[in-house]
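A.B. asks: Data: my_file.csv, CSV, C-alpha atoms.
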```csv
chain,number,residue,atom,x,y,z
C,1,MET,CA,266.4,170.4,277.7
C,2,THR,CA,266.3,173.4,279.9
C,3,ASN,CA,264.7,176.7,278.9
C,4,ARG,CA,268.0,178.1,277.9
C,5,SER,CA,271.0,176.7,276.0
C,6,MET,CA,274.3,178.3,275.1
C,7,ILE,CA,275.3,179.1,271.5
C,8,ARG,CA,278.1,181.2,270.0
C,9,PHE,CA,276.9,184.2,268.1
C,10,ARG,CA,279.3,186.7,266.6
C,11,GLY,CA,282.2,185.5,268.8
C,12,THR,CA,280.2,185.6,272.0
C,13,LEU,CA,278.7,182.7,274.0
C,14,ILE,CA,275.2,183.7,274.7
C,15,PRO,CA,272.1,182.0,276.2
C,16,VAL,CA,269.5,181.0,273.7
C,17,SER,CA,265.9,180.3,274.5
C,18,LYS,CA,263.9,177.4,273.1
C,19,GLU,CA,262.1,180.0,271.0
C,20,ASP,CA,265.3,181.3,269.5
C,21,LEU,CA,266.4,177.7,268.7
C,22,LYS,CA,263.0,177.3,266.9
C,23,GLU,CA,263.8,180.4,264.8
C,24,LEU,CA,267.2,179.1,263.9
C,25,ALA,CA,265.7,175.8,262.9
C,26,LYS,CA,263.4,177.6,260.5
C,27,LEU,CA,266.5,178.7,258.5
C,28,GLN,CA,267.7,176.4,255.7
C,29,PRO,CA,270.9,174.6,256.8
C,30,VAL,CA,273.8,174.4,254.4
C,31,LEU,CA,274.3,170.8,255.3
C,32,ARG,CA,272.3,168.1,257.1
C,33,VAL,CA,273.7,164.7,258.0
C,34,ALA,CA,273.2,161.8,260.3
C,35,PRO,CA,276.3,160.4,261.9
C,36,GLN,CA,277.0,156.7,261.7
C,37,PRO,CA,278.2,154.3,264.4
C,38,ARG,CA,281.7,154.3,262.7
C,39,ASP,CA,281.9,158.0,263.7
C,40,LEU,CA,281.9,157.2,267.4
C,41,ASN,CA,284.9,158.0,269.7
C,42,ASN,CA,285.9,156.0,272.8
C,43,ASN,CA,283.3,157.8,274.9
C,44,GLY,CA,280.4,156.7,272.7
C,45,HIS,CA,279.9,160.2,271.3
C,46,ILE,CA,280.5,161.3,267.8
C,47,PHE,CA,284.2,162.0,267.1
C,48,GLY,CA,285.0,165.7,267.1
C,49,GLY,CA,287.1,165.4,263.9
C,50,TRP,CA,284.0,164.1,262.1
C,51,VAL,CA,282.0,167.2,263.2
C,52,LEU,CA,284.9,169.5,262.2
C,53,SER,CA,284.9,167.9,258.7
C,54,GLN,CA,281.2,168.4,258.3
C,55,MET,CA,281.6,172.0,259.3
C,56,ASP,CA,284.4,172.5,256.9
C,57,ILE,CA,282.3,171.0,254.0
C,58,ALA,CA,279.4,173.3,254.9
C,59,GLY,CA,281.7,176.3,255.2
C,60,GLY,CA,283.3,175.5,251.9
C,61,ILE,CA,279.9,175.4,250.2
C,62,MET,CA,279.0,178.9,251.6
C,63,ALA,CA,282.5,180.3,250.9
C,64,ALA,CA,282.3,179.1,247.3
C,65,ARG,CA,279.0,180.9,246.9
C,66,VAL,CA,280.5,184.1,248.2
C,67,ALA,CA,283.7,183.8,246.2
C,68,ARG,CA,281.9,182.5,243.1
C,69,GLY,CA,284.5,179.8,242.7
C,70,SER,CA,287.0,177.6,244.4
C,71,THR,CA,288.1,178.3,248.0
C,72,ALA,CA,290.3,176.6,250.6
C,73,THR,CA,290.2,176.6,254.3
C,74,VAL,CA,293.0,178.7,255.8
C,75,ALA,CA,292.0,179.1,259.4
C,76,ILE,CA,289.7,178.0,262.1
C,77,GLU,CA,289.8,180.9,264.6
C,78,ALA,CA,287.4,179.7,267.3
C,79,MET,CA,285.6,176.4,267.8
C,80,GLU,CA,284.0,175.3,270.9
C,81,PHE,CA,282.1,172.0,271.6
C,82,ILE,CA,279.0,172.8,273.7
C,83,ALA,CA,277.4,169.4,273.9
C,84,PRO,CA,278.1,165.9,272.5
C,85,ILE,CA,276.5,164.6,269.4
C,86,LEU,CA,274.8,161.2,269.9
C,87,THR,CA,274.5,158.4,267.3
C,88,ARG,CA,270.8,159.0,266.7
C,89,ASP,CA,271.1,162.7,266.2
C,90,LEU,CA,270.6,164.5,262.9
C,91,ILE,CA,272.9,167.4,262.7
C,92,SER,CA,272.2,170.6,260.8
C,93,VAL,CA,275.0,173.0,259.9
C,94,TYR,CA,274.0,176.6,259.5
C,95,ALA,CA,276.4,179.1,257.9
C,96,ARG,CA,276.5,182.9,257.8
C,97,VAL,CA,279.1,185.4,256.5
C,98,GLU,CA,280.8,187.3,259.3
C,99,ARG,CA,283.2,189.3,257.2
C,100,ILE,CA,284.6,189.5,253.7
C,101,GLY,CA,288.1,190.7,252.9
C,102,ARG,CA,289.9,191.2,249.6
C,103,THR,CA,290.6,187.5,249.0
C,104,SER,CA,289.1,185.8,252.0
C,105,VAL,CA,285.7,185.3,253.7
C,106,ALA,CA,285.0,184.3,257.4
C,107,ILE,CA,282.0,182.0,257.9
C,108,ARG,CA,280.3,181.4,261.2
C,109,LEU,CA,279.2,177.8,261.4
C,110,ASP,CA,276.7,176.6,264.0
C,111,VAL,CA,275.8,173.0,264.4
C,112,ILE,CA,272.4,172.0,265.9
C,113,ALA,CA,271.5,168.4,266.7
C,114,SER,CA,267.9,167.2,266.4
C,115,ARG,CA,267.1,164.6,269.0
C,116,ASN,CA,264.2,162.3,269.9
C,117,LEU,CA,262.7,162.3,266.4
C,118,ASP,CA,263.2,166.1,266.0
C,119,GLU,CA,261.5,167.0,269.3
C,120,GLU,CA,264.6,168.5,270.8
C,121,LYS,CA,267.1,170.9,269.3
C,122,VAL,CA,270.5,171.0,270.9
C,123,PRO,CA,273.3,173.4,270.0
C,124,VAL,CA,276.4,171.3,269.9
C,125,THR,CA,279.2,173.4,268.4
C,126,SER,CA,280.1,176.7,266.8
C,127,GLY,CA,283.1,177.9,264.9
C,128,LEU,CA,284.6,180.7,262.8
C,129,PHE,CA,286.2,179.3,259.6
C,130,THR,CA,288.2,181.5,257.2
C,131,PHE,CA,288.4,180.6,253.5
C,132,VAL,CA,290.5,182.1,250.7
C,133,ALA,CA,289.3,182.4,247.1
C,134,LEU,CA,291.5,180.5,244.7
C,135,ASP,CA,292.2,181.1,241.0
C,136,GLU,CA,292.9,178.3,238.4
C,137,ASN,CA,296.6,178.1,239.7
C,138,HIS,CA,295.4,177.7,243.3
C,139,SER,CA,296.7,181.2,244.2
C,140,PRO,CA,294.6,183.7,246.1
C,141,ARG,CA,292.2,185.8,244.0
C,142,VAL,CA,290.0,188.8,244.7
C,143,ILE,CA,286.4,188.2,245.7
C,144,PRO,CA,284.0,189.9,243.2
C,145,GLU,CA,282.6,193.2,244.4
C,146,GLU,CA,279.0,192.2,243.6
C,147,SER,CA,279.4,189.2,245.9
C,148,LYS,CA,280.8,191.5,248.6
C,149,LYS,CA,277.7,193.7,248.3
C,150,LYS,CA,275.3,190.8,248.4
C,151,TYR,CA,276.8,189.1,251.5
C,152,ARG,CA,278.0,192.0,253.6
C,153,LYS,CA,275.8,193.0,256.6
```
Would it be possible to restate this file's structure as structure tokens?
C.D. replies:
Amino acid sequence: MTNRSMIRFRGTLIPVSKEDLKELAKLQPVLRVAPQPRDLNNNGHIFGGWVLSQMDIAGGIMAARVARGSTATVAIEAMEFIAPILTRDLISVYARVERIGRTSVAIRLDVIASRNLDEEKVPVTSGLFTFVALDENHSPRVIPEESKKKYRK
């Protein structure tokens, strides 16, 4: 790994130093998973749809915390694959709230692969997912004000 990698932060692709990656790695991921050989595409890398589904799961967990209840994915605004995920990688999905609306929440999801028995951290993808809070009839509902205060920057 070179001294700098690229990662998307607040909608902008920026260079990240090894030190910054170490700081991100100190945060608690929302989801951590090891891909299996069945998740390979024709190139021998992990299938992009598998990665997308893991991000959607992690984003849904975070969105449910913010909304304090059920949510559904309504949009993926920006997603970029930075590097491939390999079969022996362990991926960690980090989530942070970018914005909260009346009934929706946008979650930034960053995926970091741990390689070579956790000696190397590789940013592999980033995306902005929007979720809507749902009521018992599966209709949009208002996100509680106390939750907005807790998660707003």
A.B. asks: Dump as a list in words all residues having an atom at most 12 Å from (275.3, 153.9, 260.6), computed in the file's coordinates with only C-alpha atoms.
C.D. replies: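 Residues with an atom close enough to that point: Val33, Ala34, Pro35, Gln36, Pro37, Arg38, Asp39, Leu40, Ile46, Leu86, Thr87, Arg88, Asp89 and Leu90 of chain C.
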A.B. asks: Could you list, as a PyMOL selection string, every residue within 6 Å of region 123-138 of chain C, counting all atoms listed in the file and ignoring same-chain residues fewer than 6 positions away?
C.D. replies: chain C and resi 8+67+70-83+103-112
A.B. asks: One decimal, Å: what's the distance from CA of Val97 (chain C) over to CA of Gly49 (chain C), could you say?
C.D. replies: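 Computing it gives 22.8 Å between the two atoms.
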A.B. asks: Point out the residue among C:Glu98, C:Arg115, C:His45, C:Gly69 with the least atom-to-atom distance to Arg141 (chain C), counting only C-alpha atoms.
C.D. replies: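 Among the listed residues, the smallest separation from Arg141 (chain C) belongs to C:Gly69.
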A.B. asks: If we count all atoms listed in the file and set the cut-off at 9 Å, which residues sit around Arg68 (chain C), ignoring sequence neighbours fewer than 6 positions away in its own chain? Please answer as an mmCIF file with C-alpha atoms, in the frame of the given file.
C.D. replies:
```cif
data_model
loop_
_atom_site.group_PDB
_atom_site.id
_atom_site.type_symbol
_atom_site.label_atom_id
_atom_site.label_comp_id
_atom_site.auth_asym_id
_atom_site.auth_seq_id
_atom_site.Cartn_x
_atom_site.Cartn_y
_atom_site.Cartn_z
ATOM 1 C CA ALA C 133 289.300 182.400 247.100
ATOM 2 C CA ILE C 143 286.400 188.200 245.700
ATOM 3 C CA PRO C 144 284.000 189.900 243.200
ATOM 4 C CA SER C 147 279.400 189.200 245.900
#
```
A.B. asks: I'd like the interatomic distance between CA of Asn116 (chain C) and CA of Asp56 (chain C), to a tenth of an Å.
C.D. replies: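 Pair CA of Asn116 (chain C) / CA of Asp56 (chain C) returns 26.1 Å.
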A.B. asks: Have a look at C:Glu145, C:Ala95, C:Ile85, C:Pro29 and name the one nearest to Gly60 (chain C); count all atoms listed in the file.
C.D. replies: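 Result for the nearest residue to Gly60 (chain C): C:Ala95.
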A.B. asks: So what do you get for CA of Val51 (chain C) versus CA of Ser114 (chain C), distance-wise?
C.D. replies: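 So the answer is 14.5 Å.
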A.B. asks: Find the residue from C:Arg152, C:Pro84, C:Glu19, C:Leu31 that sits nearest to Ile57 (chain C); use all atoms listed in the file when measuring.
C.D. replies: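 Ranked by minimum distance to Ile57 (chain C), first place goes to C:Leu31.
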